[in-house]
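Participant: To be precise about what I am sending: the file is called input.pdb and holds PDB, C-alpha atoms, pLDDT in the B column.
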```
MODEL        1
ATOM      1  CA  MET E 212       0.000   0.000   0.000  1.00 51.00           C
ATOM      2  CA  SER E 213       2.843   2.354   0.813  1.00 59.00           C
ATOM      3  CA  ASN E 214       4.338   1.702  -2.618  1.00 58.00           C
ATOM      4  CA  LEU E 215       1.100   2.776  -4.289  1.00 52.00           C
ATOM      5  CA  ARG E 216       1.093   5.980  -2.261  1.00 58.00           C
ATOM      6  CA  LYS E 217       4.670   6.701  -3.266  1.00 55.00           C
ATOM      7  CA  LEU E 218       3.819   6.071  -6.916  1.00 46.00           C
ATOM      8  CA  GLY E 219       0.807   8.354  -6.672  1.00 50.00           C
ATOM      9  CA  ALA E 220       2.919  11.087  -5.093  1.00 55.00           C
ATOM     10  CA  LEU E 221       5.483  10.809  -7.885  1.00 53.00           C
ATOM     11  CA  VAL E 222       2.786  11.052 -10.559  1.00 44.00           C
ATOM     12  CA  ALA E 223       1.275  14.109  -8.877  1.00 50.00           C
ATOM     13  CA  ALA E 224       4.677  15.770  -8.603  1.00 49.00           C
ATOM     14  CA  GLY E 225       5.369  15.081 -12.276  1.00 51.00           C
ATOM     15  CA  ALA E 226       2.031  16.587 -13.283  1.00 47.00           C
ATOM     16  CA  LEU E 227       2.776  19.684 -11.212  1.00 46.00           C
ATOM     17  CA  VAL E 228       6.174  20.101 -12.870  1.00 41.00           C
ATOM     18  CA  MET E 229       4.616  19.775 -16.329  1.00 48.00           C
ATOM     19  CA  ALA E 230       1.954  22.330 -15.428  1.00 44.00           C
ATOM     20  CA  LEU E 231       4.530  24.808 -14.185  1.00 48.00           C
ATOM     21  CA  ALA E 232       6.660  24.279 -17.284  1.00 43.00           C
ATOM     22  CA  GLY E 233       3.658  24.900 -19.516  1.00 44.00           C
ATOM     23  CA  THR E 234       2.820  28.074 -17.648  1.00 40.00           C
ATOM     24  CA  ALA E 235       6.395  29.327 -17.865  1.00 44.00           C
ATOM     25  CA  SER E 236       6.604  28.646 -21.593  1.00 49.00           C
ATOM     26  CA  GLY E 237       3.320  30.500 -22.135  1.00 70.00           C
ATOM     27  CA  VAL E 238       4.517  33.744 -20.537  1.00 90.00           C
ATOM     28  CA  THR E 239       4.068  36.672 -22.922  1.00 92.00           C
ATOM     29  CA  LYS E 240       7.013  38.966 -23.480  1.00 96.00           C
ATOM     30  CA  TRP E 241       5.483  42.404 -23.889  1.00 97.00           C
ATOM     31  CA  ALA E 242       7.153  45.169 -25.864  1.00 97.00           C
ATOM     32  CA  THR E 243       7.488  48.490 -24.055  1.00 97.00           C
ATOM     33  CA  PRO E 244       5.853  51.557 -25.676  1.00 97.00           C
ATOM     34  CA  ASP E 245       8.246  54.376 -26.591  1.00 97.00           C
ATOM     35  CA  GLY E 246       5.614  56.965 -27.507  1.00 96.00           C
ATOM     36  CA  TRP E 247       2.054  57.678 -28.520  1.00 96.00           C
ATOM     37  CA  TYR E 248       0.321  59.676 -31.197  1.00 95.00           C
ATOM     38  CA  ASP E 249      -3.270  60.904 -31.124  1.00 91.00           C
ATOM     39  CA  SER E 250      -4.434  61.387 -34.680  1.00 89.00           C
ATOM     40  CA  THR E 251      -7.721  62.950 -33.551  1.00 83.00           C
ATOM     41  CA  ASN E 252      -5.912  66.055 -32.237  1.00 82.00           C
ATOM     42  CA  ASP E 253      -3.733  66.628 -35.319  1.00 82.00           C
ATOM     43  CA  ALA E 254      -4.792  68.199 -38.580  1.00 80.00           C
ATOM     44  CA  GLN E 255      -2.531  65.734 -40.373  1.00 80.00           C
ATOM     45  CA  GLY E 256      -3.757  62.887 -38.228  1.00 81.00           C
ATOM     46  CA  GLU E 257      -5.827  61.353 -40.986  1.00 83.00           C
ATOM     47  CA  ASN E 258      -2.607  60.669 -42.873  1.00 90.00           C
ATOM     48  CA  SER E 259      -1.223  58.590 -40.005  1.00 93.00           C
ATOM     49  CA  ASN E 260      -2.813  55.496 -41.508  1.00 94.00           C
ATOM     50  CA  SER E 261      -0.271  55.477 -44.336  1.00 96.00           C
ATOM     51  CA  PRO E 262       3.352  54.237 -44.194  1.00 97.00           C
ATOM     52  CA  GLU E 263       4.569  57.439 -45.869  1.00 97.00           C
ATOM     53  CA  PHE E 264       3.398  59.488 -42.890  1.00 96.00           C
ATOM     54  CA  TRP E 265       5.642  57.548 -40.533  1.00 97.00           C
ATOM     55  CA  GLU E 266       8.574  57.515 -42.953  1.00 97.00           C
ATOM     56  CA  ALA E 267       8.501  61.312 -42.815  1.00 96.00           C
ATOM     57  CA  TRP E 268       7.921  61.252 -39.051  1.00 95.00           C
ATOM     58  CA  PHE E 269      11.045  59.181 -38.384  1.00 97.00           C
ATOM     59  CA  ASP E 270      13.027  60.630 -41.305  1.00 97.00           C
ATOM     60  CA  LEU E 271      13.236  57.276 -43.046  1.00 97.00           C
ATOM     61  CA  ASP E 272      13.717  56.462 -46.697  1.00 97.00           C
ATOM     62  CA  GLU E 273      10.829  55.846 -49.030  1.00 96.00           C
ATOM     63  CA  GLY E 274       9.704  52.251 -48.834  1.00 96.00           C
ATOM     64  CA  ASP E 275      11.132  51.629 -45.356  1.00 98.00           C
ATOM     65  CA  CYS E 276       7.663  51.247 -43.819  1.00 98.00           C
ATOM     66  CA  THR E 277       4.853  48.876 -44.760  1.00 98.00           C
ATOM     67  CA  LYS E 278       1.294  48.402 -43.544  1.00 98.00           C
ATOM     68  CA  ILE E 279      -0.046  45.168 -42.083  1.00 98.00           C
ATOM     69  CA  ASP E 280      -3.825  44.845 -42.272  1.00 96.00           C
ATOM     70  CA  GLY E 281      -6.506  42.481 -43.508  1.00 94.00           C
ATOM     71  CA  GLU E 282      -5.384  38.858 -43.735  1.00 94.00           C
ATOM     72  CA  GLY E 283      -1.842  39.774 -42.826  1.00 96.00           C
ATOM     73  CA  LEU E 284      -3.064  41.314 -39.580  1.00 96.00           C
ATOM     74  CA  GLY E 285      -5.224  38.310 -38.812  1.00 95.00           C
ATOM     75  CA  ALA E 286      -2.167  36.062 -39.077  1.00 96.00           C
ATOM     76  CA  VAL E 287      -0.364  37.873 -36.235  1.00 96.00           C
ATOM     77  CA  MET E 288      -3.295  38.765 -33.958  1.00 96.00           C
ATOM     78  CA  ASN E 289      -3.795  37.116 -30.573  1.00 94.00           C
ATOM     79  CA  GLU E 290      -7.090  36.448 -28.802  1.00 91.00           C
ATOM     80  CA  ASP E 291      -6.414  39.163 -26.221  1.00 91.00           C
ATOM     81  CA  GLY E 292      -6.193  41.894 -28.870  1.00 91.00           C
ATOM     82  CA  SER E 293      -2.383  41.988 -28.995  1.00 94.00           C
ATOM     83  CA  ALA E 294      -0.139  40.981 -31.897  1.00 96.00           C
ATOM     84  CA  SER E 295       2.952  38.790 -32.129  1.00 96.00           C
ATOM     85  CA  LEU E 296       4.871  39.727 -35.270  1.00 96.00           C
ATOM     86  CA  GLY E 297       7.621  37.105 -35.072  1.00 96.00           C
ATOM     87  CA  VAL E 298      10.015  39.518 -36.801  1.00 96.00           C
ATOM     88  CA  ALA E 299      12.226  42.214 -35.307  1.00 98.00           C
ATOM     89  CA  TYR E 300      11.605  45.802 -36.486  1.00 98.00           C
ATOM     90  CA  ASP E 301      13.210  49.160 -35.854  1.00 98.00           C
ATOM     91  CA  VAL E 302       9.812  50.864 -35.506  1.00 98.00           C
ATOM     92  CA  VAL E 303       6.279  49.502 -35.002  1.00 98.00           C
ATOM     93  CA  ILE E 304       3.136  51.662 -34.841  1.00 98.00           C
ATOM     94  CA  VAL E 305      -0.052  49.990 -33.597  1.00 97.00           C
ATOM     95  CA  LYS E 306      -3.339  51.705 -34.509  1.00 95.00           C
ATOM     96  CA  GLN E 307      -6.243  51.110 -32.143  1.00 92.00           C
ATOM     97  CA  ALA E 308      -9.356  49.682 -33.828  1.00 89.00           C
ATOM     98  CA  ASN E 309     -11.927  51.989 -32.221  1.00 82.00           C
ATOM     99  CA  PRO E 310     -10.712  55.493 -31.329  1.00 72.00           C
ATOM    100  CA  ASN E 311     -14.139  56.330 -29.937  1.00 74.00           C
ATOM    101  CA  ALA E 312     -14.163  53.479 -27.426  1.00 76.00           C
ATOM    102  CA  LYS E 313     -14.274  54.177 -23.700  1.00 76.00           C
ATOM    103  CA  ASP E 314     -10.984  54.994 -21.963  1.00 77.00           C
ATOM    104  CA  VAL E 315      -9.173  55.527 -25.271  1.00 85.00           C
ATOM    105  CA  ILE E 316      -6.753  58.421 -24.823  1.00 89.00           C
ATOM    106  CA  VAL E 317      -4.569  57.878 -27.878  1.00 91.00           C
ATOM    107  CA  ASP E 318      -5.074  55.720 -30.942  1.00 91.00           C
ATOM    108  CA  ASN E 319      -1.453  55.115 -32.036  1.00 95.00           C
ATOM    109  CA  THR E 320       1.176  53.402 -29.897  1.00 97.00           C
ATOM    110  CA  ILE E 321       4.800  53.630 -31.010  1.00 98.00           C
ATOM    111  CA  PHE E 322       7.348  50.896 -30.292  1.00 98.00           C
ATOM    112  CA  GLU E 323      11.020  51.063 -31.202  1.00 97.00           C
ATOM    113  CA  ASP E 324      13.561  48.244 -31.511  1.00 97.00           C
ATOM    114  CA  VAL E 325      10.967  45.517 -31.209  1.00 98.00           C
ATOM    115  CA  ALA E 326      12.434  42.023 -30.852  1.00 97.00           C
ATOM    116  CA  ALA E 327      11.050  39.099 -32.820  1.00 97.00           C
ATOM    117  CA  ASP E 328       9.698  37.398 -29.681  1.00 96.00           C
ATOM    118  CA  GLU E 329       7.990  40.499 -28.263  1.00 98.00           C
ATOM    119  CA  THR E 330       4.247  41.162 -28.379  1.00 97.00           C
ATOM    120  CA  VAL E 331       2.884  44.604 -29.285  1.00 97.00           C
ATOM    121  CA  PHE E 332      -0.492  46.114 -28.410  1.00 96.00           C
ATOM    122  CA  ALA E 333      -2.525  49.313 -28.578  1.00 95.00           C
ATOM    123  CA  ASP E 334      -1.716  51.076 -25.314  1.00 94.00           C
ATOM    124  CA  THR E 335      -4.783  53.270 -25.474  1.00 90.00           C
ATOM    125  CA  ASN E 336      -4.623  54.464 -21.857  1.00 90.00           C
ATOM    126  CA  LYS E 337      -0.914  55.416 -22.078  1.00 92.00           C
ATOM    127  CA  ASP E 338       0.075  53.537 -18.934  1.00 93.00           C
ATOM    128  CA  GLY E 339       3.010  51.857 -20.674  1.00 94.00           C
ATOM    129  CA  ALA E 340       1.815  48.297 -20.040  1.00 94.00           C
ATOM    130  CA  TYR E 341      -0.769  45.918 -21.404  1.00 93.00           C
ATOM    131  CA  SER E 342      -4.055  45.753 -19.482  1.00 88.00           C
ATOM    132  CA  SER E 343      -7.667  44.810 -20.079  1.00 82.00           C
ATOM    133  CA  ALA E 344      -8.321  48.406 -21.090  1.00 78.00           C
ATOM    134  CA  ASP E 345      -6.085  47.869 -24.105  1.00 81.00           C
ATOM    135  CA  SER E 346      -8.068  44.948 -25.523  1.00 69.00           C
ATOM    136  CA  ASN E 347     -10.187  47.001 -27.867  1.00 74.00           C
ATOM    137  CA  GLY E 348      -8.560  45.445 -30.908  1.00 86.00           C
ATOM    138  CA  ILE E 349      -6.137  46.676 -33.560  1.00 94.00           C
ATOM    139  CA  SER E 350      -7.038  48.414 -36.819  1.00 94.00           C
ATOM    140  CA  HIS E 351      -3.656  47.962 -38.516  1.00 97.00           C
ATOM    141  CA  ILE E 352       0.055  47.880 -37.776  1.00 98.00           C
ATOM    142  CA  ILE E 353       2.771  49.824 -39.565  1.00 98.00           C
ATOM    143  CA  VAL E 354       6.243  48.302 -39.398  1.00 98.00           C
ATOM    144  CA  CYS E 355       9.501  49.930 -40.470  1.00 98.00           C
ATOM    145  CA  ASN E 356      12.898  48.424 -41.291  1.00 96.00           C
ATOM    146  CA  PRO E 357      12.809  44.751 -40.394  1.00 95.00           C
ATOM    147  CA  THR E 358      15.965  43.663 -38.643  1.00 86.00           C
ATOM    148  CA  VAL E 359      17.597  40.778 -40.442  1.00 74.00           C
ATOM    149  CA  THR E 360      19.584  38.504 -38.191  1.00 65.00           C
ATOM    150  CA  THR E 361      22.621  37.099 -39.955  1.00 63.00           C
ATOM    151  CA  THR E 362      23.935  33.804 -38.723  1.00 60.00           C
ATOM    152  CA  THR E 363      27.551  33.170 -39.542  1.00 64.00           C
ATOM    153  CA  THR E 364      28.498  29.555 -39.868  1.00 63.00           C
ATOM    154  CA  GLU E 365      32.141  28.682 -39.816  1.00 67.00           C
ATOM    155  CA  GLU E 366      32.985  25.748 -41.960  1.00 65.00           C
ATOM    156  CA  THR E 367      36.176  23.920 -41.274  1.00 61.00           C
ATOM    157  CA  THR E 368      37.588  21.929 -44.115  1.00 61.00           C
ATOM    158  CA  THR E 369      40.040  19.201 -43.262  1.00 62.00           C
ATOM    159  CA  THR E 370      42.413  18.284 -46.012  1.00 60.00           C
ATOM    160  CA  GLU E 371      43.943  14.872 -45.809  1.00 63.00           C
ATOM    161  CA  GLU E 372      47.347  14.612 -47.363  1.00 63.00           C
ATOM    162  CA  THR E 373      48.192  11.224 -48.788  1.00 58.00           C
ATOM    163  CA  THR E 374      51.857  10.498 -49.330  1.00 57.00           C
ATOM    164  CA  THR E 375      52.607   7.803 -51.870  1.00 57.00           C
ATOM    165  CA  THR E 376      56.011   6.190 -51.553  1.00 57.00           C
ATOM    166  CA  THR E 377      57.307   4.457 -54.628  1.00 56.00           C
ATOM    167  CA  GLU E 378      59.974   1.879 -53.957  1.00 60.00           C
ATOM    168  CA  GLU E 379      62.308   1.245 -56.850  1.00 59.00           C
ATOM    169  CA  THR E 380      63.815  -2.201 -56.888  1.00 55.00           C
ATOM    170  CA  THR E 381      67.104  -2.535 -58.745  1.00 55.00           C
ATOM    171  CA  THR E 382      67.882  -6.044 -59.894  1.00 55.00           C
ATOM    172  CA  THR E 383      71.563  -6.760 -60.353  1.00 53.00           C
ATOM    173  CA  THR E 384      72.450  -9.731 -62.468  1.00 52.00           C
ATOM    174  CA  GLU E 385      75.861 -11.139 -61.703  1.00 54.00           C
ATOM    175  CA  PHE E 386      77.634 -13.094 -64.335  1.00 48.00           C
ATOM    176  CA  THR E 387      80.066 -15.616 -62.913  1.00 49.00           C
ATOM    177  CA  GLN E 388      82.805 -16.867 -65.168  1.00 52.00           C
ATOM    178  CA  GLU E 389      83.826 -20.284 -64.137  1.00 51.00           C
ATOM    179  CA  THR E 390      87.409 -21.303 -64.909  1.00 47.00           C
ATOM    180  CA  SER E 391      87.714 -24.900 -65.727  1.00 48.00           C
ATOM    181  CA  GLY E 392      90.600 -26.848 -64.337  1.00 50.00           C
ATOM    182  CA  GLU E 393      91.571 -28.019 -67.780  1.00 53.00           C
ATOM    183  CA  THR E 394      93.486 -25.553 -69.945  1.00 50.00           C
ATOM    184  CA  ASP E 395      93.176 -25.886 -73.698  1.00 53.00           C
ATOM    185  CA  GLU E 396      96.428 -25.527 -75.518  1.00 56.00           C
ATOM    186  CA  PRO E 397      96.337 -22.760 -78.077  1.00 52.00           C
ATOM    187  CA  THR E 398      96.312 -23.883 -81.677  1.00 52.00           C
ATOM    188  CA  LEU E 399      99.204 -22.393 -83.620  1.00 52.00           C
ATOM    189  CA  PRO E 400      98.347 -21.031 -87.021  1.00 53.00           C
ATOM    190  CA  PRO E 401      99.961 -22.608 -90.109  1.00 54.00           C
ATOM    191  CA  THR E 402     103.503 -21.571 -90.782  1.00 51.00           C
ATOM    192  CA  SER E 403     102.621 -20.485 -94.255  1.00 50.00           C
ATOM    193  CA  THR E 404     100.300 -17.780 -92.990  1.00 47.00           C
ATOM    194  CA  VAL E 405     101.841 -16.630 -89.758  1.00 45.00           C
ATOM    195  CA  GLY E 406     105.052 -14.663 -89.929  1.00 48.00           C
ATOM    196  CA  GLY E 407     105.145 -14.887 -93.705  1.00 49.00           C
ATOM    197  CA  GLY E 408     107.007 -11.597 -93.770  1.00 48.00           C
ATOM    198  CA  THR E 409     110.008 -13.040 -91.898  1.00 50.00           C
ATOM    199  CA  SER E 410     110.554 -16.304 -93.851  1.00 49.00           C
ATOM    200  CA  GLY E 411     112.069 -14.509 -96.783  1.00 54.00           C
ATOM    201  CA  PRO E 412     113.076 -11.065 -97.872  1.00 55.00           C
ATOM    202  CA  SER E 413     110.311  -8.648 -98.331  1.00 58.00           C
ATOM    203  CA  GLU E 414     109.504  -6.999-101.655  1.00 63.00           C
ATOM    204  CA  GLY E 415     111.463  -3.905-100.684  1.00 65.00           C
ATOM    205  CA  SER E 416     114.535  -6.012 -99.897  1.00 67.00           C
ATOM    206  CA  TRP E 417     114.436  -7.654-103.304  1.00 69.00           C
ATOM    207  CA  LEU E 418     114.316  -4.310-105.010  1.00 75.00           C
ATOM    208  CA  LEU E 419     117.299  -3.142-103.004  1.00 76.00           C
ATOM    209  CA  VAL E 420     119.284  -6.222-103.941  1.00 72.00           C
ATOM    210  CA  ALA E 421     118.346  -5.832-107.607  1.00 75.00           C
ATOM    211  CA  ALA E 422     119.409  -2.188-107.596  1.00 77.00           C
ATOM    212  CA  LEU E 423     122.706  -3.054-105.934  1.00 77.00           C
ATOM    213  CA  GLY E 424     123.371  -5.756-108.518  1.00 75.00           C
ATOM    214  CA  ALA E 425     122.686  -3.396-111.365  1.00 76.00           C
ATOM    215  CA  PHE E 426     125.020  -0.852-109.834  1.00 73.00           C
ATOM    216  CA  LEU E 427     127.841  -3.347-109.535  1.00 73.00           C
ATOM    217  CA  ALA E 428     127.349  -4.572-113.085  1.00 69.00           C
ATOM    218  CA  GLY E 429     127.561  -1.044-114.380  1.00 67.00           C
ATOM    219  CA  ALA E 430     130.748  -0.488-112.459  1.00 61.00           C
ATOM    220  CA  VAL E 431     132.333  -3.558-114.006  1.00 58.00           C
ATOM    221  CA  ILE E 432     131.416  -2.537-117.502  1.00 61.00           C
ATOM    222  CA  LEU E 433     132.608   1.020-117.129  1.00 56.00           C
ATOM    223  CA  THR E 434     135.948   0.172-115.536  1.00 55.00           C
ATOM    224  CA  PRO E 435     138.621  -0.030-118.316  1.00 56.00           C
ATOM    225  CA  ALA E 436     140.858  -2.982-118.420  1.00 53.00           C
ATOM    226  CA  ARG E 437     144.494  -2.463-117.615  1.00 54.00           C
ATOM    227  CA  ALA E 438     146.802  -2.416-120.607  1.00 48.00           C
ATOM    228  CA  LYS E 439     149.036  -5.328-120.935  1.00 50.00           C
ATOM    229  CA  SER E 440     152.584  -4.447-120.274  1.00 49.00           C
ATOM    230  CA  GLN E 441     154.765  -4.503-123.270  1.00 48.00           C
ATOM    231  CA  ARG E 442     157.868  -6.110-122.917  1.00 45.00           C
TER     232      ARG E 442
ENDMDL
END
```
Can the structure in the file be given as structure tokens, please?
Facilitator:
Amino acid sequence: MSNLRKLGALVAAGALVMALAGTASGVTKWATPDGWYDSTNDAQGENSNSPEFWEAWFDLDEGDCTKIDGEGLGAVMNEDGSASLGVAYDVVIVKQANPNAKDVIVDNTIFEDVAADETVFADTNKDGAYSSADSNGISHIIVCNPTVTTTTTEETTTTEETTTTTEETTTTTEFTQETSGETDEPTLPPTSTVGGGTSGPSEGSWLLVAALGAFLAGAVILTPARAKSQR
């Protein structure tokens, strides 16, 4: 029985935690008004329904402000008469839906530097905070200069270096000359062919001998014979 009680207590505690978490996540973050404008007390007030009026009011460039109404307004409206834009803007002007309603002091509430998660409203009683007196609805909203949030993503690229090693293999072929134990005797060339120049006189020697012989013969012929002595 005690175990069942403990289990029941745990379930109840879990339900309480979930309820508190749901309540915390549903908390509205209200934007703080920075000014008001009563169009009913200004001769130019009828022009305050146009974006150009507020561009001149805040000294902005042409086209910096746009008007949210109709279906666009219905997409951002909440049940309590406030509006959650979901986009950050430099300037937001909320026009009250019924300027003639009770407790309406001003019909335009000005917000500056509105964050994307903030909720705007028509602060018709100029108390600077949302209350039940401000739930008279919204006619239109004029927004100026949406703030674009730029997210910078750093991308790291890892480069893998692959080193290829080429191994060169050098093949050395060794030639081994084997010397046999037996020695072949060299074959001598024929005598008729080897040293033929030394077996007899060369052609030049024969010419020299012939010339010498001719010279001696000439000498014999030319030498006169001695005269026989006369007795």
Participant: To one decimal in Å, tell me the separation between CA of Ala326 in chain E and CA of Tyr300 in chain E.
Facilitator: 6.8 Å
Participant: Between CA of Ile353 in chain E and CA of Asp338 in chain E, what distance in Å does the model show, to one decimal?
Facilitator: 21.1 Å
Participant: Smallest atom-to-atom distance to Asn311 in chain E: which of E:Gly424, E:Asn347, E:Leu271, E:Met288, using all atoms listed in the file?
Facilitator: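 Among E:Gly424, E:Asn347, E:Leu271, E:Met288, it is E:Asn347 that comes nearest to Asn311 in chain E.
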Participant: Quick one: apply the PyMOL selection byres ((chain E and resi 241) around 7) to the file and drop the selected residues here as a ChimeraX atom specification.
Facilitator: /E:239-240,242-243,329-331
Participant: Tell me, as a VMD selection string, which residues lie within 7 Å of Ala308 in chain E, counting all atoms listed in the file; anything in the same chain fewer than 4 positions away does not count.
Facilitator: chain E and resid 347 to 350
Participant: For CA of Gly274 in chain E and CA of His351 in chain E, determine how far apart the two atoms are, in Å to one decimal place.
Facilitator: 17.4 Å
Participant: Restricting the calculation to only C-alpha atoms: of E:Val238, E:Val305, E:Asp272, E:Pro244, which residue gets closest to Asn260 in chain E?
Facilitator: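 Selected residue with least distance to Asn260 in chain E: E:Val305.
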Participant: Calculated over only C-alpha atoms, which of the candidates E:Ala286, E:Leu419, E:Val354, E:Ile279 has the smallest distance to Asp324 in chain E?
Facilitator: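 Distance minimum relative to Asp324 in chain E lands on E:Val354.
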Participant: Nearest to Asp270 in chain E: which of E:Cys355, E:Ile304, E:Val317, E:Leu427 is it, counting all atoms listed in the file?
Facilitator: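 Residue with the minimum atom-to-atom distance to Asp270 in chain E: E:Cys355.
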Participant: For each of E:Pro310, E:Gly237, E:Pro357, E:Gly292, take the minimum atom-to-atom distance to Thr251 in chain E, counting only C-alpha atoms, then give the residue where this is smallest.
Facilitator: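 Closest residue, counting only C-alpha atoms: E:Pro310.
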Participant: Can you give me, as an NGL selection string, the residues this file yields under the PyMOL selection byres ((chain E and resi 249) around 12)?
Facilitator: :E and (246-248 or 250-260 or 304-307 or 310-311 or 315-321 or 333-337)
Participant: I need the chosen residues saved as a compact mmCIF listing (two decimals), keeping the file's coordinate frame, with C-alpha atoms.
Facilitator:
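Written out: part_7.txt:
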```txt
# COMPACT_ATOMS: atom_id res chain seq x y z
CA GLY E 246 5.61 56.96 -27.51
CA TRP E 247 2.05 57.68 -28.52
CA TYR E 248 0.32 59.68 -31.20
CA SER E 250 -4.43 61.39 -34.68
CA THR E 251 -7.72 62.95 -33.55
CA ASN E 252 -5.91 66.06 -32.24
CA ASP E 253 -3.73 66.63 -35.32
CA ALA E 254 -4.79 68.20 -38.58
CA GLN E 255 -2.53 65.73 -40.37
CA GLY E 256 -3.76 62.89 -38.23
CA GLU E 257 -5.83 61.35 -40.99
CA ASN E 258 -2.61 60.67 -42.87
CA SER E 259 -1.22 58.59 -40.01
CA ASN E 260 -2.81 55.50 -41.51
CA ILE E 304 3.14 51.66 -34.84
CA VAL E 305 -0.05 49.99 -33.60
CA LYS E 306 -3.34 51.70 -34.51
CA GLN E 307 -6.24 51.11 -32.14
CA PRO E 310 -10.71 55.49 -31.33
CA ASN E 311 -14.14 56.33 -29.94
CA VAL E 315 -9.17 55.53 -25.27
CA ILE E 316 -6.75 58.42 -24.82
CA VAL E 317 -4.57 57.88 -27.88
CA ASP E 318 -5.07 55.72 -30.94
CA ASN E 319 -1.45 55.12 -32.04
CA THR E 320 1.18 53.40 -29.90
CA ILE E 321 4.80 53.63 -31.01
CA ALA E 333 -2.52 49.31 -28.58
CA ASP E 334 -1.72 51.08 -25.31
CA THR E 335 -4.78 53.27 -25.47
CA ASN E 336 -4.62 54.46 -21.86
CA LYS E 337 -0.91 55.42 -22.08
```
Participant: Counting all atoms listed in the file, which residue out of E:Ala425, E:Ala294, E:Cys276, E:Val303 sits closest to Phe322 in chain E?
Facilitator: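 Nearest candidate to Phe322 in chain E out of E:Ala425, E:Ala294, E:Cys276, E:Val303: E:Val303.
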Participant: Enclose range 337-349 of chain E, meaning all of its atoms listed in the file, in a box aligned along x, y and z, pad it by 4 Å on each side, and list the centre and edge lengths in Å to one decimal, as AutoDock Vina command-line options.
Facilitator:
```
--center_x -3.6 --center_y 50.1 --center_z -26.2 --size_x 21.2 --size_y 18.6 --size_z 22.6
```
